[in-house]
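Quick look at my_file-v5.cif (mmCIF, C-alpha atoms and all ligand atoms):
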```
data_data
#
loop_
_atom_site.group_PDB
_atom_site.id
_atom_site.type_symbol
_atom_site.label_atom_id
_atom_site.label_comp_id
_atom_site.auth_asym_id
_atom_site.auth_seq_id
_atom_site.Cartn_x
_atom_site.Cartn_y
_atom_site.Cartn_z
ATOM 1 C CA MET A 1 -35.436 -20.990 -49.351
ATOM 2 C CA LYS A 2 -34.928 -24.373 -47.707
ATOM 3 C CA GLY A 3 -31.563 -26.004 -47.098
ATOM 4 C CA ILE A 4 -30.498 -29.637 -47.301
ATOM 5 C CA ILE A 5 -27.297 -31.179 -45.966
ATOM 6 C CA LEU A 6 -26.613 -34.538 -47.553
ATOM 7 C CA ALA A 7 -24.639 -36.565 -45.056
ATOM 8 C CA GLY A 8 -25.194 -40.179 -46.053
ATOM 9 C CA GLY A 9 -22.953 -42.473 -48.050
ATOM 10 C CA HIS A 10 -20.677 -45.332 -47.020
ATOM 11 C CA GLY A 11 -17.452 -43.337 -46.849
ATOM 12 C CA THR A 12 -15.642 -46.378 -48.255
ATOM 13 C CA ARG A 13 -12.704 -44.292 -49.430
ATOM 14 C CA LEU A 14 -11.960 -43.605 -45.752
ATOM 15 C CA TYR A 15 -12.089 -47.207 -44.501
ATOM 16 C CA PRO A 16 -11.317 -48.382 -41.839
ATOM 17 C CA VAL A 17 -11.960 -44.969 -40.202
ATOM 18 C CA THR A 18 -15.557 -44.824 -41.412
ATOM 19 C CA GLN A 19 -16.422 -48.482 -40.941
ATOM 20 C CA GLN A 20 -18.435 -47.723 -37.793
ATOM 21 C CA ILE A 21 -19.010 -43.986 -38.007
ATOM 22 C CA SER A 22 -20.290 -41.563 -40.626
ATOM 23 C CA LYS A 23 -17.630 -39.545 -42.336
ATOM 24 C CA GLN A 24 -19.548 -36.335 -41.603
ATOM 25 C CA LEU A 25 -19.178 -36.947 -37.856
ATOM 26 C CA LEU A 26 -15.386 -37.171 -38.024
ATOM 27 C CA PRO A 27 -13.495 -34.202 -36.616
ATOM 28 C CA ILE A 28 -12.090 -31.504 -38.826
ATOM 29 C CA TYR A 29 -9.568 -30.230 -36.311
ATOM 30 C CA ASP A 30 -11.805 -29.126 -33.404
ATOM 31 C CA LYS A 31 -15.359 -29.664 -34.669
ATOM 32 C CA PRO A 32 -17.449 -32.402 -36.255
ATOM 33 C CA MET A 33 -17.254 -32.144 -40.048
ATOM 34 C CA ILE A 34 -20.978 -31.449 -40.446
ATOM 35 C CA TYR A 35 -20.651 -28.181 -38.480
ATOM 36 C CA TYR A 36 -18.868 -26.613 -41.459
ATOM 37 C CA PRO A 37 -21.522 -27.132 -44.175
ATOM 38 C CA LEU A 38 -24.179 -26.304 -41.596
ATOM 39 C CA CYS A 39 -22.472 -22.964 -40.952
ATOM 40 C CA THR A 40 -22.252 -22.316 -44.692
ATOM 41 C CA LEU A 41 -26.045 -22.603 -44.958
ATOM 42 C CA MET A 42 -26.515 -20.466 -41.838
ATOM 43 C CA HIS A 43 -24.200 -17.828 -43.344
ATOM 44 C CA ALA A 44 -26.368 -17.801 -46.456
ATOM 45 C CA GLY A 45 -29.320 -16.936 -44.239
ATOM 46 C CA ILE A 46 -30.979 -20.349 -44.609
ATOM 47 C CA ARG A 47 -32.672 -21.407 -41.390
ATOM 48 C CA GLU A 48 -34.906 -24.352 -42.292
ATOM 49 C CA ILE A 49 -32.603 -27.257 -42.937
ATOM 50 C CA LEU A 50 -33.098 -30.964 -43.620
ATOM 51 C CA VAL A 51 -30.254 -33.270 -42.630
ATOM 52 C CA ILE A 52 -30.180 -36.496 -44.646
ATOM 53 C CA THR A 53 -28.135 -39.312 -43.122
ATOM 54 C CA THR A 54 -27.875 -43.090 -43.267
ATOM 55 C CA PRO A 55 -30.647 -44.825 -41.260
ATOM 56 C CA GLN A 56 -28.019 -46.387 -38.948
ATOM 57 C CA GLU A 57 -26.571 -43.070 -37.868
ATOM 58 C CA SER A 58 -29.639 -40.889 -37.839
ATOM 59 C CA ASN A 59 -29.855 -40.864 -34.037
ATOM 60 C CA ILE A 60 -26.257 -39.766 -33.550
ATOM 61 C CA PHE A 61 -26.825 -36.786 -35.841
ATOM 62 C CA LYS A 62 -30.048 -35.948 -33.986
ATOM 63 C CA GLU A 63 -28.246 -36.072 -30.643
ATOM 64 C CA LEU A 64 -25.453 -33.876 -31.934
ATOM 65 C CA LEU A 65 -27.450 -31.242 -33.785
ATOM 66 C CA LYS A 66 -30.803 -31.495 -31.955
ATOM 67 C CA THR A 67 -33.762 -29.454 -33.233
ATOM 68 C CA GLY A 68 -31.549 -26.525 -34.177
ATOM 69 C CA GLU A 69 -33.596 -24.310 -31.858
ATOM 70 C CA GLN A 70 -30.464 -23.777 -29.720
ATOM 71 C CA TRP A 71 -28.889 -22.057 -32.760
ATOM 72 C CA GLY A 72 -32.024 -20.224 -33.850
ATOM 73 C CA ILE A 73 -32.630 -22.548 -36.786
ATOM 74 C CA GLU A 74 -35.009 -25.414 -37.542
ATOM 75 C CA LEU A 75 -33.513 -28.813 -38.281
ATOM 76 C CA SER A 76 -35.423 -31.801 -39.610
ATOM 77 C CA TYR A 77 -34.057 -35.237 -40.381
ATOM 78 C CA ALA A 78 -34.541 -37.846 -43.069
ATOM 79 C CA THR A 79 -32.648 -40.938 -44.099
ATOM 80 C CA GLN A 80 -31.296 -42.321 -47.335
ATOM 81 C CA ALA A 81 -31.438 -46.115 -47.289
ATOM 82 C CA LYS A 82 -28.618 -46.552 -49.808
ATOM 83 C CA PRO A 83 -26.261 -44.105 -51.519
ATOM 84 C CA ARG A 84 -28.288 -43.975 -54.719
ATOM 85 C CA GLY A 85 -26.864 -40.622 -55.724
ATOM 86 C CA ILE A 86 -26.678 -37.026 -54.605
ATOM 87 C CA ALA A 87 -29.720 -36.029 -56.667
ATOM 88 C CA GLU A 88 -31.890 -38.375 -54.594
ATOM 89 C CA ALA A 89 -31.741 -35.724 -51.865
ATOM 90 C CA PHE A 90 -34.477 -33.803 -53.713
ATOM 91 C CA ILE A 91 -36.737 -36.841 -53.897
ATOM 92 C CA ILE A 92 -36.206 -37.658 -50.209
ATOM 93 C CA GLY A 93 -36.701 -33.989 -49.368
ATOM 94 C CA GLU A 94 -39.747 -33.420 -51.595
ATOM 95 C CA SER A 95 -42.294 -32.744 -48.847
ATOM 96 C CA PHE A 96 -39.756 -30.736 -46.829
ATOM 97 C CA ILE A 97 -39.022 -28.539 -49.853
ATOM 98 C CA GLY A 98 -42.727 -28.067 -50.577
ATOM 99 C CA SER A 99 -43.131 -25.206 -53.045
ATOM 100 C CA ASP A 100 -39.857 -23.484 -52.047
ATOM 101 C CA SER A 101 -36.501 -23.135 -53.724
ATOM 102 C CA VAL A 102 -33.686 -25.150 -52.197
ATOM 103 C CA CYS A 103 -29.981 -25.054 -51.509
ATOM 104 C CA LEU A 104 -28.144 -28.367 -51.198
ATOM 105 C CA ILE A 105 -24.739 -28.738 -49.585
ATOM 106 C CA LEU A 106 -22.753 -31.940 -49.309
ATOM 107 C CA GLY A 107 -21.926 -32.817 -45.720
ATOM 108 C CA ASP A 108 -18.224 -33.170 -46.495
ATOM 109 C CA ASN A 109 -17.685 -29.838 -48.253
ATOM 110 C CA ILE A 110 -15.829 -27.101 -46.424
ATOM 111 C CA LEU A 111 -15.897 -23.540 -47.696
ATOM 112 C CA HIS A 112 -14.094 -20.607 -46.221
ATOM 113 C CA GLY A 113 -13.226 -17.149 -47.434
ATOM 114 C CA ASP A 114 -13.640 -13.459 -47.198
ATOM 115 C CA ASN A 115 -17.099 -12.141 -48.052
ATOM 116 C CA LEU A 116 -18.431 -15.639 -48.593
ATOM 117 C CA SER A 117 -21.393 -14.973 -46.342
ATOM 118 C CA THR A 118 -22.414 -11.832 -48.271
ATOM 119 C CA ARG A 119 -21.873 -13.589 -51.575
ATOM 120 C CA LEU A 120 -24.091 -16.524 -50.633
ATOM 121 C CA GLN A 121 -26.783 -14.206 -49.311
ATOM 122 C CA GLN A 122 -26.698 -12.417 -52.681
ATOM 123 C CA VAL A 123 -27.078 -15.688 -54.566
ATOM 124 C CA LYS A 124 -30.040 -16.544 -52.372
ATOM 125 C CA LYS A 125 -31.591 -13.133 -52.997
ATOM 126 C CA GLN A 126 -30.985 -13.192 -56.765
ATOM 127 C CA ASN A 127 -33.268 -16.193 -56.954
ATOM 128 C CA GLN A 128 -31.874 -17.552 -60.230
ATOM 129 C CA ASP A 129 -33.315 -20.789 -61.614
ATOM 130 C CA SER A 130 -30.109 -22.452 -60.512
ATOM 131 C CA THR A 131 -26.654 -21.437 -59.361
ATOM 132 C CA ILE A 132 -23.591 -23.636 -59.083
ATOM 133 C CA PHE A 133 -20.008 -22.698 -58.308
ATOM 134 C CA GLY A 134 -16.874 -23.507 -60.264
ATOM 135 C CA TYR A 135 -13.552 -23.804 -58.453
ATOM 136 C CA TYR A 136 -10.156 -24.107 -60.129
ATOM 137 C CA VAL A 137 -8.441 -27.334 -59.064
ATOM 138 C CA SER A 138 -5.352 -29.249 -60.094
ATOM 139 C CA ASP A 139 -7.181 -32.610 -60.172
ATOM 140 C CA PRO A 140 -10.508 -31.992 -61.971
ATOM 141 C CA GLU A 141 -10.921 -35.678 -62.861
ATOM 142 C CA ARG A 142 -12.071 -36.269 -59.253
ATOM 143 C CA TYR A 143 -15.137 -34.042 -59.606
ATOM 144 C CA GLY A 144 -18.037 -32.836 -61.721
ATOM 145 C CA VAL A 145 -16.333 -30.500 -64.190
ATOM 146 C CA ILE A 146 -17.598 -27.490 -66.157
ATOM 147 C CA GLU A 147 -16.516 -27.024 -69.743
ATOM 148 C CA PHE A 148 -16.525 -23.417 -71.006
ATOM 149 C CA ASP A 149 -16.521 -22.099 -74.570
ATOM 150 C CA LYS A 150 -14.106 -19.419 -75.792
ATOM 151 C CA ASP A 151 -16.434 -16.709 -74.458
ATOM 152 C CA ASP A 152 -16.307 -18.345 -71.032
ATOM 153 C CA LYS A 153 -19.894 -19.607 -71.275
ATOM 154 C CA PRO A 154 -20.555 -23.010 -69.693
ATOM 155 C CA ILE A 155 -21.339 -25.618 -72.351
ATOM 156 C CA ASN A 156 -21.086 -28.959 -70.570
ATOM 157 C CA ILE A 157 -21.035 -30.485 -67.122
ATOM 158 C CA ILE A 158 -19.302 -33.830 -66.977
ATOM 159 C CA GLU A 159 -18.994 -36.053 -63.938
ATOM 160 C CA LYS A 160 -15.423 -37.249 -63.409
ATOM 161 C CA PRO A 161 -14.268 -36.753 -67.003
ATOM 162 C CA HIS A 162 -11.691 -39.228 -68.285
ATOM 163 C CA THR A 163 -10.118 -36.666 -70.575
ATOM 164 C CA PHE A 164 -9.269 -33.105 -69.645
ATOM 165 C CA ILE A 165 -12.016 -30.527 -70.353
ATOM 166 C CA SER A 166 -11.225 -27.787 -67.837
ATOM 167 C CA ASN A 167 -9.830 -27.167 -64.371
ATOM 168 C CA TYR A 168 -13.161 -25.950 -62.998
ATOM 169 C CA ALA A 169 -14.710 -28.414 -60.555
ATOM 170 C CA VAL A 170 -18.314 -28.031 -59.445
ATOM 171 C CA ILE A 171 -18.298 -27.652 -55.694
ATOM 172 C CA GLY A 172 -20.860 -29.413 -53.514
ATOM 173 C CA LEU A 173 -23.106 -26.402 -53.003
ATOM 174 C CA TYR A 174 -26.083 -25.977 -55.307
ATOM 175 C CA PHE A 175 -28.981 -23.509 -55.440
ATOM 176 C CA TYR A 176 -32.104 -24.556 -57.379
ATOM 177 C CA ASN A 177 -35.647 -23.437 -57.978
ATOM 178 C CA ASN A 178 -38.505 -25.766 -57.095
ATOM 179 C CA GLU A 179 -38.315 -27.480 -60.488
ATOM 180 C CA VAL A 180 -35.373 -29.522 -59.215
ATOM 181 C CA VAL A 181 -37.704 -31.992 -57.505
ATOM 182 C CA LYS A 182 -39.374 -32.855 -60.802
ATOM 183 C CA ILE A 183 -36.030 -33.007 -62.604
ATOM 184 C CA ALA A 184 -34.611 -35.376 -59.975
ATOM 185 C CA LYS A 185 -37.634 -37.644 -60.245
ATOM 186 C CA ASN A 186 -37.147 -37.983 -64.001
ATOM 187 C CA LEU A 187 -33.430 -38.798 -63.855
ATOM 188 C CA ILE A 188 -32.150 -42.120 -65.112
ATOM 189 C CA PRO A 189 -29.409 -43.659 -62.941
ATOM 190 C CA SER A 190 -25.926 -43.398 -64.440
ATOM 191 C CA LEU A 191 -23.725 -46.363 -65.317
ATOM 192 C CA ARG A 192 -22.477 -46.412 -61.715
ATOM 193 C CA GLY A 193 -26.123 -46.688 -60.622
ATOM 194 C CA GLU A 194 -26.480 -43.191 -59.129
ATOM 195 C CA LEU A 195 -28.845 -40.264 -59.666
ATOM 196 C CA GLU A 196 -26.160 -37.799 -60.651
ATOM 197 C CA ILE A 197 -26.165 -34.180 -59.551
ATOM 198 C CA SER A 198 -24.211 -33.429 -62.732
ATOM 199 C CA ASP A 199 -27.220 -34.604 -64.785
ATOM 200 C CA ILE A 200 -29.398 -32.071 -62.952
ATOM 201 C CA ASN A 201 -26.880 -29.335 -63.713
ATOM 202 C CA GLN A 202 -26.644 -30.419 -67.353
ATOM 203 C CA TYR A 203 -30.460 -30.293 -67.563
ATOM 204 C CA TYR A 204 -30.553 -26.689 -66.306
ATOM 205 C CA LEU A 205 -27.700 -25.850 -68.669
ATOM 206 C CA ASP A 206 -29.550 -27.329 -71.670
ATOM 207 C CA GLN A 207 -32.579 -25.208 -70.699
ATOM 208 C CA LYS A 208 -30.289 -22.158 -70.516
ATOM 209 C CA LYS A 209 -31.221 -21.856 -66.864
ATOM 210 C CA LEU A 210 -27.862 -22.611 -65.264
ATOM 211 C CA HIS A 211 -25.980 -19.794 -63.637
ATOM 212 C CA VAL A 212 -22.313 -20.565 -62.947
ATOM 213 C CA GLU A 213 -20.261 -18.481 -60.540
ATOM 214 C CA LYS A 214 -16.526 -18.920 -60.413
ATOM 215 C CA LEU A 215 -14.921 -18.776 -57.000
ATOM 216 C CA GLY A 216 -11.522 -17.121 -56.992
ATOM 217 C CA ARG A 217 -8.348 -18.042 -55.148
ATOM 218 C CA GLY A 218 -9.398 -16.011 -52.111
ATOM 219 C CA ILE A 219 -11.871 -18.746 -51.263
ATOM 220 C CA ALA A 220 -10.854 -22.092 -49.880
ATOM 221 C CA TRP A 221 -12.909 -25.103 -50.941
ATOM 222 C CA LEU A 222 -11.781 -28.280 -49.284
ATOM 223 C CA ASP A 223 -13.232 -31.696 -49.709
ATOM 224 C CA THR A 224 -12.508 -34.548 -47.394
ATOM 225 C CA GLY A 225 -12.833 -37.559 -49.634
ATOM 226 C CA THR A 226 -9.499 -39.205 -48.851
ATOM 227 C CA HIS A 227 -7.319 -39.642 -45.750
ATOM 228 C CA LYS A 228 -4.952 -37.043 -47.105
ATOM 229 C CA SER A 229 -7.609 -34.425 -47.914
ATOM 230 C CA LEU A 230 -9.191 -35.036 -44.495
ATOM 231 C CA LEU A 231 -5.873 -34.295 -42.797
ATOM 232 C CA ASP A 232 -5.263 -31.319 -45.095
ATOM 233 C CA ALA A 233 -8.651 -29.874 -44.122
ATOM 234 C CA SER A 234 -7.887 -30.278 -40.407
ATOM 235 C CA ASN A 235 -4.472 -28.680 -40.836
ATOM 236 C CA PHE A 236 -5.977 -25.801 -42.790
ATOM 237 C CA ILE A 237 -8.544 -25.058 -40.058
ATOM 238 C CA TYR A 238 -5.892 -25.486 -37.346
ATOM 239 C CA VAL A 239 -3.443 -23.061 -38.978
ATOM 240 C CA LEU A 240 -6.046 -20.344 -39.581
ATOM 241 C CA GLU A 241 -7.624 -20.674 -36.154
ATOM 242 C CA GLN A 242 -4.258 -20.552 -34.387
ATOM 243 C CA ARG A 243 -3.093 -17.573 -36.386
ATOM 244 C CA GLN A 244 -6.223 -15.467 -35.977
ATOM 245 C CA GLY A 245 -7.645 -16.730 -32.729
ATOM 246 C CA LEU A 246 -10.983 -16.925 -34.547
ATOM 247 C CA LYS A 247 -12.922 -20.092 -35.189
ATOM 248 C CA ILE A 248 -14.235 -21.357 -38.500
ATOM 249 C CA GLY A 249 -17.461 -23.353 -38.612
ATOM 250 C CA SER A 250 -18.869 -22.698 -35.155
ATOM 251 C CA PRO A 251 -22.702 -22.797 -35.351
ATOM 252 C CA GLU A 252 -22.954 -21.024 -31.980
ATOM 253 C CA GLU A 253 -20.851 -18.121 -33.205
ATOM 254 C CA VAL A 254 -22.552 -17.908 -36.600
ATOM 255 C CA ALA A 255 -25.985 -17.983 -34.918
ATOM 256 C CA TRP A 256 -24.962 -15.138 -32.638
ATOM 257 C CA ARG A 257 -23.317 -13.056 -35.376
ATOM 258 C CA MET A 258 -26.288 -13.571 -37.711
ATOM 259 C CA GLY A 259 -28.604 -12.406 -34.919
ATOM 260 C CA TYR A 260 -30.356 -15.796 -34.645
ATOM 261 C CA ILE A 261 -29.610 -16.016 -30.904
ATOM 262 C CA SER A 262 -28.972 -13.502 -28.145
ATOM 263 C CA ALA A 263 -25.754 -12.981 -26.186
ATOM 264 C CA ASP A 264 -27.393 -14.616 -23.155
ATOM 265 C CA LYS A 265 -28.178 -17.691 -25.172
ATOM 266 C CA LEU A 266 -24.612 -17.849 -26.471
ATOM 267 C CA GLU A 267 -23.350 -17.844 -22.901
ATOM 268 C CA VAL A 268 -25.680 -20.701 -21.990
ATOM 269 C CA LEU A 269 -24.411 -22.714 -24.969
ATOM 270 C CA ALA A 270 -20.796 -21.975 -24.083
ATOM 271 C CA LYS A 271 -20.848 -23.124 -20.450
ATOM 272 C CA PRO A 272 -20.985 -26.922 -20.919
ATOM 273 C CA GLN A 273 -18.145 -26.646 -23.454
ATOM 274 C CA ILE A 274 -15.722 -24.624 -21.322
ATOM 275 C CA LYS A 275 -13.316 -27.496 -20.692
ATOM 276 C CA SER A 276 -12.430 -27.992 -24.358
ATOM 277 C CA GLY A 277 -11.612 -24.324 -24.815
ATOM 278 C CA TYR A 278 -14.425 -24.066 -27.342
ATOM 279 C CA GLY A 279 -16.730 -22.674 -24.680
ATOM 280 C CA LYS A 280 -14.059 -20.232 -23.486
ATOM 281 C CA TYR A 281 -13.765 -18.966 -27.034
ATOM 282 C CA LEU A 282 -17.522 -18.370 -27.233
ATOM 283 C CA ILE A 283 -17.539 -16.498 -23.907
ATOM 284 C CA ALA A 284 -14.596 -14.392 -25.080
ATOM 285 C CA LEU A 285 -16.617 -13.302 -28.115
ATOM 286 C CA LEU A 286 -19.063 -11.648 -25.738
ATOM 287 C CA ASN A 287 -16.341 -9.661 -24.045
HETATM 288 O O1 LIG B 301 -17.458 -32.481 -53.725
HETATM 289 C C1 LIG B 301 -17.975 -32.056 -54.952
HETATM 290 C C2 LIG B 301 -18.275 -33.224 -55.856
HETATM 291 O O2 LIG B 301 -19.217 -34.048 -55.158
HETATM 292 C C3 LIG B 301 -18.866 -32.763 -57.190
HETATM 293 O O3 LIG B 301 -17.878 -32.107 -57.960
HETATM 294 C C4 LIG B 301 -19.388 -33.947 -57.988
HETATM 295 O O4 LIG B 301 -20.043 -33.487 -59.136
HETATM 296 C C5 LIG B 301 -20.356 -34.761 -57.158
HETATM 297 O O5 LIG B 301 -20.788 -35.924 -57.836
HETATM 298 C C6 LIG B 301 -19.681 -35.191 -55.861
HETATM 299 O O6 LIG B 301 -18.601 -36.050 -56.193
HETATM 300 P P1 LIG B 301 -17.981 -37.094 -55.148
HETATM 301 O O7 LIG B 301 -17.261 -38.157 -55.871
HETATM 302 O O8 LIG B 301 -17.223 -36.341 -54.120
HETATM 303 O O9 LIG B 301 -19.279 -37.691 -54.489
HETATM 304 P P2 LIG B 301 -19.361 -38.720 -53.332
HETATM 305 O O10 LIG B 301 -19.952 -39.980 -53.860
HETATM 306 O O11 LIG B 301 -18.069 -38.818 -52.598
HETATM 307 O O12 LIG B 301 -20.421 -38.033 -52.372
HETATM 308 C C7 LIG B 301 -20.233 -36.764 -51.812
HETATM 309 C C8 LIG B 301 -20.876 -36.714 -50.455
HETATM 310 O O13 LIG B 301 -22.289 -36.948 -50.559
HETATM 311 C C9 LIG B 301 -20.349 -37.770 -49.500
HETATM 312 O O14 LIG B 301 -20.080 -37.149 -48.257
HETATM 313 C C10 LIG B 301 -21.438 -38.766 -49.304
HETATM 314 C C11 LIG B 301 -22.680 -38.026 -49.716
HETATM 315 N N1 LIG B 301 -23.577 -38.910 -50.476
HETATM 316 C C12 LIG B 301 -23.201 -39.322 -51.708
HETATM 317 C C13 LIG B 301 -24.042 -40.132 -52.437
HETATM 318 C C14 LIG B 301 -23.650 -40.601 -53.816
HETATM 319 C C15 LIG B 301 -24.764 -39.290 -49.911
HETATM 320 O O15 LIG B 301 -25.096 -38.910 -48.777
HETATM 321 N N2 LIG B 301 -25.605 -40.083 -50.631
HETATM 322 C C16 LIG B 301 -25.292 -40.538 -51.879
HETATM 323 O O16 LIG B 301 -26.120 -41.266 -52.482
#
```

Could I get this file's structure written as structure tokens?
Amino acid sequence: MKGIILAGGHGTRLYPVTQQISKQLLPIYDKPMIYYPLCTLMHAGIREILVITTPQESNIFKELLKTGEQWGIELSYATQAKPRGIAEAFIIGESFIGSDSVCLILGDNILHGDNLSTRLQQVKKQNQDSTIFGYYVSDPERYGVIEFDKDDKPINIIEKPHTFISNYAVIGLYFYNNEVVKIAKNLIPSLRGELEISDINQYYLDQKKLHVEKLGRGIAWLDTGTHKSLLDASNFIYVLEQRQGLKIGSPEEVAWRMGYISADKLEVLAKPQIKSGYGKYLIALLN
């Protein structure tokens, strides 16, 4: 299975902060935002990952994340000229995906919780036609939303519904079979001019090929779409990291724990980062 991180977009809801820098490069407490979705894919056991960015910022992402070899993964890069919709990721990534299945994560989605790694690895292994995740939120109108029937079966996926249909938002993590490339290519842009990920999900649902997993309250799903949610996400990471003395979203640590890199390699990665404390943390893991 291949992985894609979609990290383009104008980030206009965060202006002026994102006027000159991609949202996904902003810090979430002590790490660049993109580290978190990257770690989610690494936790799922996905090691071949395409990072899609704006053309203007492509080089900054490449300098930050490099080839991925340092973390025992393989990173490739592509650009999206304009934010023409999340589903365009599968068209841009067509040759990268090849004949594989694919997992897409949005570069501003942060997931944390007990057993998440095992759960994602199971989803990957189950190899369903498609799997999306529903998360109970108080403000569903901000998201793609899943409507369920009385037997709790999904019956509709609606992007930013104007009237209430359910509290279950679709999080920005999607697993699809290879058919998704063809589906994306046949999409018609929505009224807001985007290739909608919700239309892909509705297509799988209509074909009875959509598997929906609900995430319970033991999992934190944070998005960073507004100044407030960005600060909330930083505070959340700060509080947990301070309390436990363990970091969330460190690719070095995940690579080492997943067995992608050796202890020696972890030490090498830690040394240039000693001054920020991040490196000290990585060294301490070895002891
Ligand atoms: O966060 C989950 C939600 O993400 C889902 O519930 C929605 O169904 C889905 O449409 C999306 O909603 P948003 O309103 O949050 O999408 P937004 O336009 O903010 O884009 C999400 C991220 O994807 C953002 O970091 C920018 C990036 N993006 C977005 C578009 C439309 C791109 O890189 N390219 C794009 O063309």

**OP:** Translate the PyMOL selection byres (((chain A and resi 209) around 12) and not hetatm), as applied to the file shown, into an explicit residue set as a PyMOL selection string.
**Re:** chain A and resi 127-132+154-155+175-177+179-180+200-208+210-212

**OP:** Run through the PyMOL selection byres (((chain A and resi 43-45) around 9) and not hetatm) on the given coordinates and return the selected residues as a list in words.
**Re:** Met1, Leu38, Cys39, Thr40, Leu41, Met42, Ile46, Arg47, Leu116, Ser117, Thr118, Arg119, Leu120, Gln121, Gln122, Val123, Lys124, Val254, Ala255 and Met258 of chain A

**OP:** Would you kindly translate the PyMOL selection byres (((not hetatm)) within 9 of (chain B and resi 301)) into the concrete residues it picks from this file, as number ranges by chain?
**Re:** A: 5-11, 13, 22-24, 52-54, 80-89, 105-109, 134, 140, 142-145, 157-160, 169-173, 194-198, 222-225

Nearby residues (only C-alpha atoms) at most 8 Å from A:Asn167, same-chain spacing under 6 positions excluded, as a CSV table (one decimal) with C-alpha atoms, in the frame of the given file:
```csv
chain,number,residue,atom,x,y,z
A,135,TYR,CA,-13.6,-23.8,-58.5
A,136,TYR,CA,-10.2,-24.1,-60.1
A,137,VAL,CA,-8.4,-27.3,-59.1
A,138,SER,CA,-5.4,-29.2,-60.1
A,139,ASP,CA,-7.2,-32.6,-60.2
A,140,PRO,CA,-10.5,-32.0,-62.0
A,145,VAL,CA,-16.3,-30.5,-64.2
A,146,ILE,CA,-17.6,-27.5,-66.2
```

Original post:
atom CA of A:Ala78 and atom CA of A:Gln56, how far apart in Å?
Top reply: 11.5 Å

Please define a box with edges along x, y and z of the file around all atoms of stretch 62-81 of chain A given in the file, extend it by 6 Å on each side, and return its centre and edge lengths in Å to one decimal, as AutoDock Vina command-line options.
```
--center_x -30.4 --center_y -33.2 --center_z -38.5 --size_x 22.0 --size_y 37.9 --size_z 29.6
```

**OP:** Fewer than 4 positions away in the same chain doesn't count, so skip those; otherwise give me all residues within 12 Å of A:Thr67, counting only C-alpha atoms, as a list of chain:residue names.
**Re:**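 Counting only the stated atoms, we get A:Arg47, A:Glu48, A:Ile49, A:Leu50, A:Val51, A:Phe61, A:Lys62, A:Glu63, A:Trp71, A:Gly72, A:Ile73, A:Glu74, A:Leu75, A:Ser76, A:Tyr77.
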
Subject >> One-decimal distance in Å that lies between atom CA of A:Val181 and atom CA of A:Glu69 >> reply: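 Spanning atom CA of A:Glu69 to atom CA of A:Val181 is a straight-line distance of 27.1 Å.
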
**OP:** Give the answer as one residue: which of A:Asn115, A:Asp100, A:Lys150, A:Ile110 has the shortest atom-to-atom distance to A:Ser229, using only C-alpha atoms?
**Re:**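 Distance minimum relative to A:Ser229 lands on A:Ile110.
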
Subject >> One-decimal distance in Å that lies between atom CA of A:Phe133 and atom CA of A:Leu215 >> reply: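 According to the coordinates, atom CA of A:Leu215 and atom CA of A:Phe133 are separated by 6.6 Å.
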
Ref. answer, residues at most 6 Å from (-31.6, -28.7, -48.9) with all atoms listed in the file, as a compact mmCIF listing (two decimals) with C-alpha atoms, keeping the file's coordinate frame:
```txt
# COMPACT_ATOMS: atom_id res chain seq x y z
CA LYS A 2 -34.93 -24.37 -47.71
CA GLY A 3 -31.56 -26.00 -47.10
CA ILE A 4 -30.50 -29.64 -47.30
CA ILE A 5 -27.30 -31.18 -45.97
CA LEU A 50 -33.10 -30.96 -43.62
CA VAL A 102 -33.69 -25.15 -52.20
CA CYS A 103 -29.98 -25.05 -51.51
CA LEU A 104 -28.14 -28.37 -51.20
```

**OP:** Tell me which of A:Ile60, A:Met33, A:Ala220, A:Ile188 sits closest to A:Ser250, counting only C-alpha atoms.
**Re:** A:Met33

Original post:
Near A:Asp264, within 12 Å and counting all atoms listed in the file, which residues show up once chain neighbours fewer than 4 positions away are dropped, as a ChimeraX atom specification?
Top reply: /A:70,252,256,260,268-271,282-283,285-286

**OP:** Would you please work out which residue, of A:Gly68, A:Leu191, A:Tyr281, A:Gly245, is nearest to A:Tyr35 when using only C-alpha atoms?
**Re:**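 Ranked by minimum distance to A:Tyr35, first place goes to A:Gly68.
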
Original post:
Nearest to A:Leu14 among A:His227, A:Trp221, A:Glu253, A:Asn186, with distances taken over all atoms listed in the file: which residue is it?
Top reply: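 The answer is A:His227, which sits nearest to A:Leu14.
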